[in-house]
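The data block below is input_39.cif; it holds mmCIF, C-alpha atoms.
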data_my_file
loop_
_atom_site.group_PDB
_atom_site.id
_atom_site.type_symbol
_atom_site.label_atom_id
_atom_site.label_comp_id
_atom_site.auth_asym_id
_atom_site.auth_seq_id
_atom_site.Cartn_x
_atom_site.Cartn_y
_atom_site.Cartn_z
ATOM 1 C CA MET A 846 157.775 62.992 141.619
ATOM 2 C CA LEU A 847 158.533 66.699 141.852
ATOM 3 C CA ALA A 848 158.014 67.126 138.110
ATOM 4 C CA LEU A 849 154.409 66.005 138.527
ATOM 5 C CA MET A 850 153.825 68.870 140.971
ATOM 6 C CA TRP A 851 154.327 71.450 138.266
ATOM 7 C CA PRO A 852 152.308 70.667 135.113
ATOM 8 C CA ALA A 853 153.155 73.379 132.602
ATOM 9 C CA ALA A 854 149.794 73.164 130.847
ATOM 10 C CA GLU A 855 147.949 73.832 134.102
ATOM 11 C CA ILE A 856 150.174 76.787 134.980
ATOM 12 C CA ALA A 857 149.612 78.286 131.527
ATOM 13 C CA ARG A 858 145.843 77.791 131.845
ATOM 14 C CA ILE A 859 145.674 79.467 135.264
ATOM 15 C CA ALA A 860 147.687 82.421 133.984
ATOM 16 C CA ALA A 861 145.529 82.840 130.876
ATOM 17 C CA GLU A 862 142.304 82.667 132.880
ATOM 18 C CA ALA A 863 143.556 85.338 135.283
ATOM 19 C CA LEU A 864 144.440 87.661 132.403
ATOM 20 C CA GLU A 865 141.203 86.958 130.538
ATOM 21 C CA ALA A 866 139.213 87.824 133.665
ATOM 22 C CA ARG A 867 140.987 91.190 133.813
ATOM 23 C CA ALA A 868 140.368 91.781 130.102
ATOM 24 C CA ASP A 869 136.663 91.037 130.597
ATOM 25 C CA ALA A 870 136.500 93.437 133.540
ATOM 26 C CA LEU A 871 138.050 96.220 131.458
ATOM 27 C CA ARG A 872 135.579 95.531 128.653
ATOM 28 C CA LEU A 873 132.614 95.711 131.043
ATOM 29 C CA GLU A 874 133.974 98.990 132.411
ATOM 30 C CA GLN A 875 134.131 100.248 128.795
ATOM 31 C CA ALA A 876 137.717 101.264 129.531
ATOM 32 C CA VAL A 877 139.395 103.234 126.754
ATOM 33 C CA ARG A 878 142.555 101.163 127.226
ATOM 34 C CA GLY A 879 142.615 97.391 127.357
ATOM 35 C CA LEU A 880 144.848 94.689 128.724
ATOM 36 C CA ASP A 881 147.417 95.316 125.978
ATOM 37 C CA ALA A 882 147.972 98.866 127.223
ATOM 38 C CA MET A 883 149.236 97.742 130.623
ATOM 39 C CA PRO A 884 152.988 97.763 131.345
ATOM 40 C CA GLU A 885 154.668 94.435 132.058
ATOM 41 C CA ILE A 886 155.074 95.048 135.784
ATOM 42 C CA GLN A 887 151.291 95.329 136.217
ATOM 43 C CA PHE A 888 150.825 91.772 134.986
ATOM 44 C CA HIS A 889 152.725 90.334 137.933
ATOM 45 C CA PRO A 890 150.030 90.991 140.574
ATOM 46 C CA LEU A 891 147.328 89.728 138.184
ATOM 47 C CA LEU A 892 149.201 86.484 137.660
ATOM 48 C CA ALA A 893 150.065 86.177 141.347
ATOM 49 C CA ALA A 894 146.395 86.560 142.303
ATOM 50 C CA GLY A 895 145.432 83.857 139.792
ATOM 51 C CA PHE A 896 148.002 81.407 141.139
ATOM 52 C CA GLU A 897 147.026 82.155 144.731
ATOM 53 C CA ALA A 898 143.352 81.548 143.925
ATOM 54 C CA ALA A 899 144.400 78.167 142.476
ATOM 55 C CA GLY A 900 146.023 77.237 145.794
ATOM 56 C CA PHE A 901 149.689 77.994 145.138
ATOM 57 C CA GLY A 902 152.019 80.100 147.225
ATOM 58 C CA VAL A 903 153.503 83.011 145.266
ATOM 59 C CA LEU A 904 156.664 85.024 145.922
ATOM 60 C CA ARG A 905 157.279 88.084 143.767
ATOM 61 C CA GLU A 906 160.729 89.433 142.868
ATOM 62 C CA HIS A 907 162.346 86.621 144.834
ATOM 63 C CA PRO A 908 166.167 86.360 144.787
ATOM 64 C CA TYR A 909 167.701 83.587 142.733
ATOM 65 C CA PRO A 910 169.490 80.965 144.856
ATOM 66 C CA GLY A 911 172.787 81.845 143.177
ATOM 67 C CA GLN A 912 175.963 79.871 142.695
ATOM 68 C CA PRO A 913 177.139 77.626 145.548
ATOM 69 C CA GLY A 914 179.491 79.330 147.976
ATOM 70 C CA ARG A 915 178.851 82.899 146.835
ATOM 71 C CA ARG A 916 177.662 85.556 149.270
ATOM 72 C CA PRO A 917 176.511 88.541 147.191
ATOM 73 C CA ARG A 918 175.040 91.581 148.836
ATOM 74 C CA HIS A 919 171.246 91.788 148.827
ATOM 75 C CA ALA A 920 171.166 94.530 146.181
ATOM 76 C CA GLU A 921 173.459 92.542 143.873
ATOM 77 C CA ARG A 922 171.264 89.465 143.644
ATOM 78 C CA GLU A 923 169.235 88.703 140.512
ATOM 79 C CA ARG A 924 165.508 88.331 141.121
ATOM 80 C CA CYS A 925 162.860 86.142 139.540
ATOM 81 C CA ASP A 926 159.480 87.664 138.642
ATOM 82 C CA LEU A 927 157.326 84.976 140.284
ATOM 83 C CA VAL A 928 158.207 81.864 142.264
ATOM 84 C CA LEU A 929 155.488 79.318 143.037
ATOM 85 C CA THR A 930 155.336 76.967 146.006
ATOM 86 C CA PRO A 931 152.897 74.043 146.414
ATOM 87 C CA SER A 932 150.823 75.885 149.044
ATOM 88 C CA PRO A 933 150.437 79.448 150.380
ATOM 89 C CA ALA A 934 151.993 78.558 153.742
ATOM 90 C CA MET A 935 155.298 77.487 152.187
ATOM 91 C CA THR A 936 158.325 79.730 151.865
ATOM 92 C CA ILE A 937 161.648 78.996 150.151
ATOM 93 C CA ARG A 938 164.959 78.421 151.867
ATOM 94 C CA ASP A 939 167.603 80.995 150.996
ATOM 95 C CA PRO A 940 171.071 79.431 150.554
ATOM 96 C CA VAL A 941 172.801 82.826 150.584
ATOM 97 C CA ALA A 942 171.150 83.807 153.874
ATOM 98 C CA GLU A 943 172.167 80.438 155.334
ATOM 99 C CA LEU A 944 175.806 80.957 154.331
ATOM 100 C CA LYS A 945 175.826 84.396 155.913
ATOM 101 C CA ALA A 946 174.240 83.007 159.071
ATOM 102 C CA ARG A 947 177.027 80.429 159.319
ATOM 103 C CA ASP A 948 179.603 83.177 158.842
ATOM 104 C CA ALA A 949 178.014 85.184 161.654
ATOM 105 C CA VAL A 950 178.516 82.444 164.263
ATOM 106 C CA ALA A 951 181.937 81.257 163.063
ATOM 107 C CA GLY A 952 184.497 81.584 165.837
ATOM 108 C CA THR A 953 181.868 82.069 168.542
ATOM 109 C CA LEU A 954 180.477 79.779 171.208
ATOM 110 C CA PHE A 955 177.647 78.972 168.798
ATOM 111 C CA ALA A 956 179.966 77.678 166.051
ATOM 112 C CA PRO A 957 179.214 73.987 166.820
ATOM 113 C CA LEU A 958 175.525 74.746 166.223
ATOM 114 C CA ALA A 959 176.110 76.623 162.964
ATOM 115 C CA ASP A 960 174.449 74.039 160.718
ATOM 116 C CA THR A 961 171.339 74.001 162.900
ATOM 117 C CA LEU A 962 171.096 77.750 163.468
ATOM 118 C CA ALA A 963 171.678 78.642 159.830
ATOM 119 C CA VAL A 964 168.923 76.523 158.292
ATOM 120 C CA SER A 965 166.103 78.803 157.162
ATOM 121 C CA PRO A 966 162.482 77.639 157.057
ATOM 122 C CA GLY A 967 160.747 76.528 153.883
ATOM 123 C CA ILE A 968 161.209 74.190 150.953
ATOM 124 C CA GLY A 969 164.383 73.993 148.919
ATOM 125 C CA PRO A 970 164.755 76.144 145.787
ATOM 126 C CA ASP A 971 164.751 72.914 143.762
ATOM 127 C CA GLU A 972 161.173 72.187 144.864
ATOM 128 C CA ALA A 973 159.719 75.553 143.791
ATOM 129 C CA PHE A 974 158.665 76.682 140.299
ATOM 130 C CA TRP A 975 160.613 79.705 139.013
ATOM 131 C CA LEU A 976 158.788 81.825 136.466
ATOM 132 C CA GLU A 977 160.059 84.758 134.419
ATOM 133 C CA VAL A 978 157.402 86.829 132.622
ATOM 134 C CA LYS A 979 157.883 88.807 129.422
ATOM 135 C CA LEU A 980 155.345 90.976 127.599
ATOM 136 C CA VAL A 981 155.491 91.613 123.843
ATOM 137 C CA GLY A 982 152.908 93.425 121.715
ATOM 138 C CA GLN A 983 152.566 93.661 117.953
ATOM 139 C CA PHE A 984 150.776 96.949 118.611
ATOM 140 C CA CYS A 985 151.586 99.110 121.614
ATOM 141 C CA PHE A 986 151.757 102.664 122.982
ATOM 142 C CA THR A 987 155.001 104.440 121.933
ATOM 143 C CA PRO A 988 155.274 106.779 123.827
ATOM 144 C CA GLY A 989 151.661 107.112 124.845
ATOM 145 C CA VAL A 990 150.507 106.873 121.213
ATOM 146 C CA PRO A 991 149.061 103.567 119.920
ATOM 147 C CA GLY A 992 150.492 102.026 116.781
ATOM 148 C CA PRO A 993 152.640 99.230 115.351
ATOM 149 C CA ASN A 994 155.515 98.185 117.574
ATOM 150 C CA ARG A 995 158.591 98.748 115.395
ATOM 151 C CA ALA A 996 160.732 96.743 117.807
ATOM 152 C CA TYR A 997 158.278 93.836 117.958
ATOM 153 C CA SER A 998 160.457 91.160 116.338
ATOM 154 C CA SER A 999 163.628 92.166 118.154
ATOM 155 C CA GLU A 1000 161.819 92.289 121.508
ATOM 156 C CA LEU A 1001 160.429 88.792 121.019
ATOM 157 C CA LEU A 1002 163.682 87.223 119.872
ATOM 158 C CA SER A 1003 165.889 89.037 122.400
ATOM 159 C CA ILE A 1004 164.191 87.110 125.210
ATOM 160 C CA VAL A 1005 166.106 84.062 123.991
ATOM 161 C CA THR A 1006 169.444 85.454 125.167
ATOM 162 C CA ALA A 1007 168.249 86.871 128.478
ATOM 163 C CA ASP A 1008 165.843 85.052 130.772
ATOM 164 C CA ILE A 1009 166.191 81.481 129.540
ATOM 165 C CA PRO A 1010 169.949 81.246 130.239
ATOM 166 C CA LYS A 1011 169.419 82.918 133.611
ATOM 167 C CA LEU A 1012 166.867 80.284 134.633
ATOM 168 C CA ALA A 1013 168.920 77.399 133.250
ATOM 169 C CA ARG A 1014 172.289 78.161 134.791
ATOM 170 C CA ASP A 1015 171.272 78.378 138.453
ATOM 171 C CA ARG A 1016 172.419 75.116 140.012
ATOM 172 C CA LEU A 1017 169.691 75.037 142.649
ATOM 173 C CA ILE A 1018 166.721 75.443 140.280
ATOM 174 C CA ARG A 1019 165.053 72.327 138.861
ATOM 175 C CA HIS A 1020 161.607 73.584 137.790
ATOM 176 C CA ALA A 1021 161.377 76.784 135.738
ATOM 177 C CA ALA A 1022 159.701 78.375 132.738
ATOM 178 C CA LEU A 1023 159.598 81.526 130.677
ATOM 179 C CA MET A 1024 156.103 82.929 130.191
ATOM 180 C CA VAL A 1025 155.660 85.125 127.128
ATOM 181 C CA ILE A 1026 152.442 87.157 127.059
ATOM 182 C CA LEU A 1027 151.993 88.041 123.400
ATOM 183 C CA PHE A 1028 149.442 90.493 121.998
ATOM 184 C CA SER A 1029 148.927 90.181 118.248
ATOM 185 C CA ALA A 1030 146.642 91.222 115.425
ATOM 186 C CA ASP A 1031 145.377 87.654 115.009
ATOM 187 C CA ALA A 1032 145.961 84.061 116.032
ATOM 188 C CA ALA A 1033 147.929 83.215 112.884
ATOM 189 C CA THR A 1034 150.497 85.898 113.646
ATOM 190 C CA ALA A 1035 150.915 84.622 117.206
ATOM 191 C CA GLU A 1036 151.382 81.032 116.016
ATOM 192 C CA HIS A 1037 153.966 82.027 113.414
ATOM 193 C CA ASP A 1038 155.968 84.366 115.636
ATOM 194 C CA LEU A 1039 156.002 82.119 118.691
ATOM 195 C CA ALA A 1040 157.130 79.226 116.486
ATOM 196 C CA ALA A 1041 160.003 81.434 115.314
ATOM 197 C CA PHE A 1042 160.813 82.208 118.938
ATOM 198 C CA ILE A 1043 160.933 78.501 119.881
ATOM 199 C CA HIS A 1044 163.061 77.683 116.818
ATOM 200 C CA ARG A 1045 165.506 80.420 117.838
ATOM 201 C CA CYS A 1046 165.772 78.812 121.267
ATOM 202 C CA LEU A 1047 166.466 75.393 119.755
ATOM 203 C CA ASN A 1048 168.930 76.734 117.192
ATOM 204 C CA ARG A 1049 170.927 78.293 120.012
ATOM 205 C CA GLY A 1050 170.961 75.032 121.918
ATOM 206 C CA LEU A 1051 168.993 76.412 124.845
ATOM 207 C CA PRO A 1052 167.562 73.796 127.254
ATOM 208 C CA VAL A 1053 163.848 74.299 126.601
ATOM 209 C CA ALA A 1054 160.989 71.809 126.469
ATOM 210 C CA SER A 1055 157.828 71.905 124.347
ATOM 211 C CA PRO A 1056 155.774 75.008 125.183
ATOM 212 C CA ASP A 1057 152.135 75.164 126.234
ATOM 213 C CA PHE A 1058 149.830 77.776 124.711
ATOM 214 C CA CYS A 1059 146.580 79.370 125.848
ATOM 215 C CA ARG A 1060 144.908 82.212 123.996
ATOM 216 C CA PHE A 1061 141.808 84.339 124.246
ATOM 217 C CA PRO A 1062 140.349 87.247 122.251
ATOM 218 C CA ILE A 1063 140.589 90.855 123.396
ATOM 219 C CA PRO A 1064 138.784 93.957 122.101
ATOM 220 C CA ASP A 1065 140.582 95.630 119.204
ATOM 221 C CA LEU A 1066 141.466 99.013 120.733
ATOM 222 C CA ILE A 1067 144.938 99.565 119.252
ATOM 223 C CA GLY A 1068 145.297 96.758 116.678
ATOM 224 C CA ASN A 1069 145.681 93.639 118.812
ATOM 225 C CA THR A 1070 142.788 91.149 118.882
ATOM 226 C CA GLU A 1071 144.451 88.121 120.528
ATOM 227 C CA CYS A 1072 146.351 87.475 123.742
ATOM 228 C CA THR A 1073 148.488 84.326 123.794
ATOM 229 C CA VAL A 1074 150.170 82.946 126.895
ATOM 230 C CA CYS A 1075 153.164 80.837 125.872
ATOM 231 C CA LEU A 1076 154.776 78.903 128.729
ATOM 232 C CA THR A 1077 158.131 77.406 127.774
ATOM 233 C CA PRO A 1078 159.642 75.072 130.404
ATOM 234 C CA VAL A 1079 163.380 75.528 130.964
ATOM 235 C CA ARG A 1080 165.460 72.506 131.912
ATOM 236 C CA PRO A 1081 168.491 72.780 134.222
ATOM 237 C CA ASP A 1082 171.646 73.319 132.201
ATOM 238 C CA HIS A 1083 174.339 71.886 134.471
ATOM 239 C CA PRO A 1084 175.967 68.459 134.797
ATOM 240 C CA GLU A 1085 174.394 67.346 138.072
ATOM 241 C CA ALA A 1086 170.809 68.117 136.904
#
Written as structure tokens, that's how I'd like the structure from this file.
Amino acid sequence: MLALMWPAAEIARIAAEALEARADALRLEQAVRGLDAMPEIQFHPLLAAGFEAAGFGVLREHPYPGQPGRRPRHAERERCDLVLTPSPAMTIRDPVAELKARDAVAGTLFAPLADTLAVSPGIGPDEAFWLEVKLVGQFCFTPGVPGPNRAYSSELLSIVTADIPKLARDRLIRHAALMVILFSADAATAEHDLAAFIHRCLNRGLPVASPDFCRFPIPDLIGNTECTVCLTPVRPDHPEA
């Protein structure tokens, strides 16, 4: 039932439409720099606005639930780029905050009420959709000068060993995906290179499902003419999943 709440194809479409709208706005402004000149962090609010307009709740830089029983300090916790909830009014329960709340009342008169007092509002982490976003460009500004991205292949393939395992290993996450925003010289390059990326994931035994793709053209300002949104669902990688 929960899996039906989060159709990957629909999430990819919403993301691509939000980015295409921004690309169109830049073109109408006759901006000297296009969508492919923006740093990765600036894509997060664009995507968040698109998901919110579609009726989802969006949390940015939200802490991962973490491993059961651990109580890391706030600054030590890993954070996910975007976390979606079924509606804007919904928040996500924080297991770490609940553990710390129980610790705070242990040994006090309120200890018998610990389980009640510690429960935070919102849905469980297993009901939300956890989304990591990565930006890769065949052509980019380095540093401040447009040209071929010499680290293009390594940047694309290095994602395999970073965000996918992070999403898969958290025991309280059931719905997750890696979104790669790829700028390329043409559609054929995007298809070839994203296929290589998916094959690398499979060869390493990573728990990924079939990706969904959406693409749209962008003005050729630095060498890129296509933007492809590749959403690769990540399955839980633990025994009780």
*Rounded to one decimal place, report the atom CA of Ala996 of chain A-atom CA of Trp975 of chain A distance in Å.*
27.2 Å
_Which residue is closest to Cys1046 of chain A? Choose from A:Thr1070, A:Ser1003, A:Ser1029, A:Thr1034 and count all atoms listed in the file._
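For Cys1046 of chain A, the nearest of the candidates is A:Ser1003.
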*Would you list the residues near (170.5, 76.8, 129.7) (no more than 12 Å away, in the coordinates of the file, using all atoms listed in the file) as an MDAnalysis selection string?*
chainID A and resid 1005:1016 1018:1019 1021:1023 1046:1047 1049:1054 1078:1084 1086
Those selected residues, please, written with C-alpha atoms and delivered as a CSV table (one decimal), keeping the file's coordinate frame.
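For reference, again16.csv as written:
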chain,number,residue,atom,x,y,z
A,1005,VAL,CA,166.1,84.1,124.0
A,1006,THR,CA,169.4,85.5,125.2
A,1007,ALA,CA,168.2,86.9,128.5
A,1008,ASP,CA,165.8,85.1,130.8
A,1009,ILE,CA,166.2,81.5,129.5
A,1010,PRO,CA,169.9,81.2,130.2
A,1011,LYS,CA,169.4,82.9,133.6
A,1012,LEU,CA,166.9,80.3,134.6
A,1013,ALA,CA,168.9,77.4,133.2
A,1014,ARG,CA,172.3,78.2,134.8
A,1015,ASP,CA,171.3,78.4,138.5
A,1016,ARG,CA,172.4,75.1,140.0
A,1018,ILE,CA,166.7,75.4,140.3
A,1019,ARG,CA,165.1,72.3,138.9
A,1021,ALA,CA,161.4,76.8,135.7
A,1022,ALA,CA,159.7,78.4,132.7
A,1023,LEU,CA,159.6,81.5,130.7
A,1046,CYS,CA,165.8,78.8,121.3
A,1047,LEU,CA,166.5,75.4,119.8
A,1049,ARG,CA,170.9,78.3,120.0
A,1050,GLY,CA,171.0,75.0,121.9
A,1051,LEU,CA,169.0,76.4,124.8
A,1052,PRO,CA,167.6,73.8,127.3
A,1053,VAL,CA,163.8,74.3,126.6
A,1054,ALA,CA,161.0,71.8,126.5
A,1078,PRO,CA,159.6,75.1,130.4
A,1079,VAL,CA,163.4,75.5,131.0
A,1080,ARG,CA,165.5,72.5,131.9
A,1081,PRO,CA,168.5,72.8,134.2
A,1082,ASP,CA,171.6,73.3,132.2
A,1083,HIS,CA,174.3,71.9,134.5
A,1084,PRO,CA,176.0,68.5,134.8
A,1086,ALA,CA,170.8,68.1,136.9
*Can you tell me, as a PyMOL selection string, what residues are no more than 12 Å from Glu1071 of chain A when counting only C-alpha atoms, ignoring any on the same chain fewer than 2 positions away?*
chain A and resi 861+864-865+868+879-881+982-984+1026-1036+1059-1069+1073-1074
*Kindly indicate which residue among A:Asp1057, A:Asp939, A:Asp926, A:Glu897 lies nearest to Gly911 of chain A, using all atoms listed in the file for the distances.*
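Selected residue with least distance to Gly911 of chain A: A:Asp939.
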*Proximity to Pro1056 of chain A - best of A:Ile856, A:Met850, A:Val928, A:Ala899, all atoms listed in the file*: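 When distances to Pro1056 of chain A are compared using all atoms listed in the file, the smallest one comes from A:Ile856.
Atom pair atom CA of Ser998 of chain A / atom CA of Ala857 of chain A: separated by 22.7 Å.
We find atom CA of Asp1038 of chain A and atom CA of Leu1001 of chain A to be spaced 8.3 Å apart.
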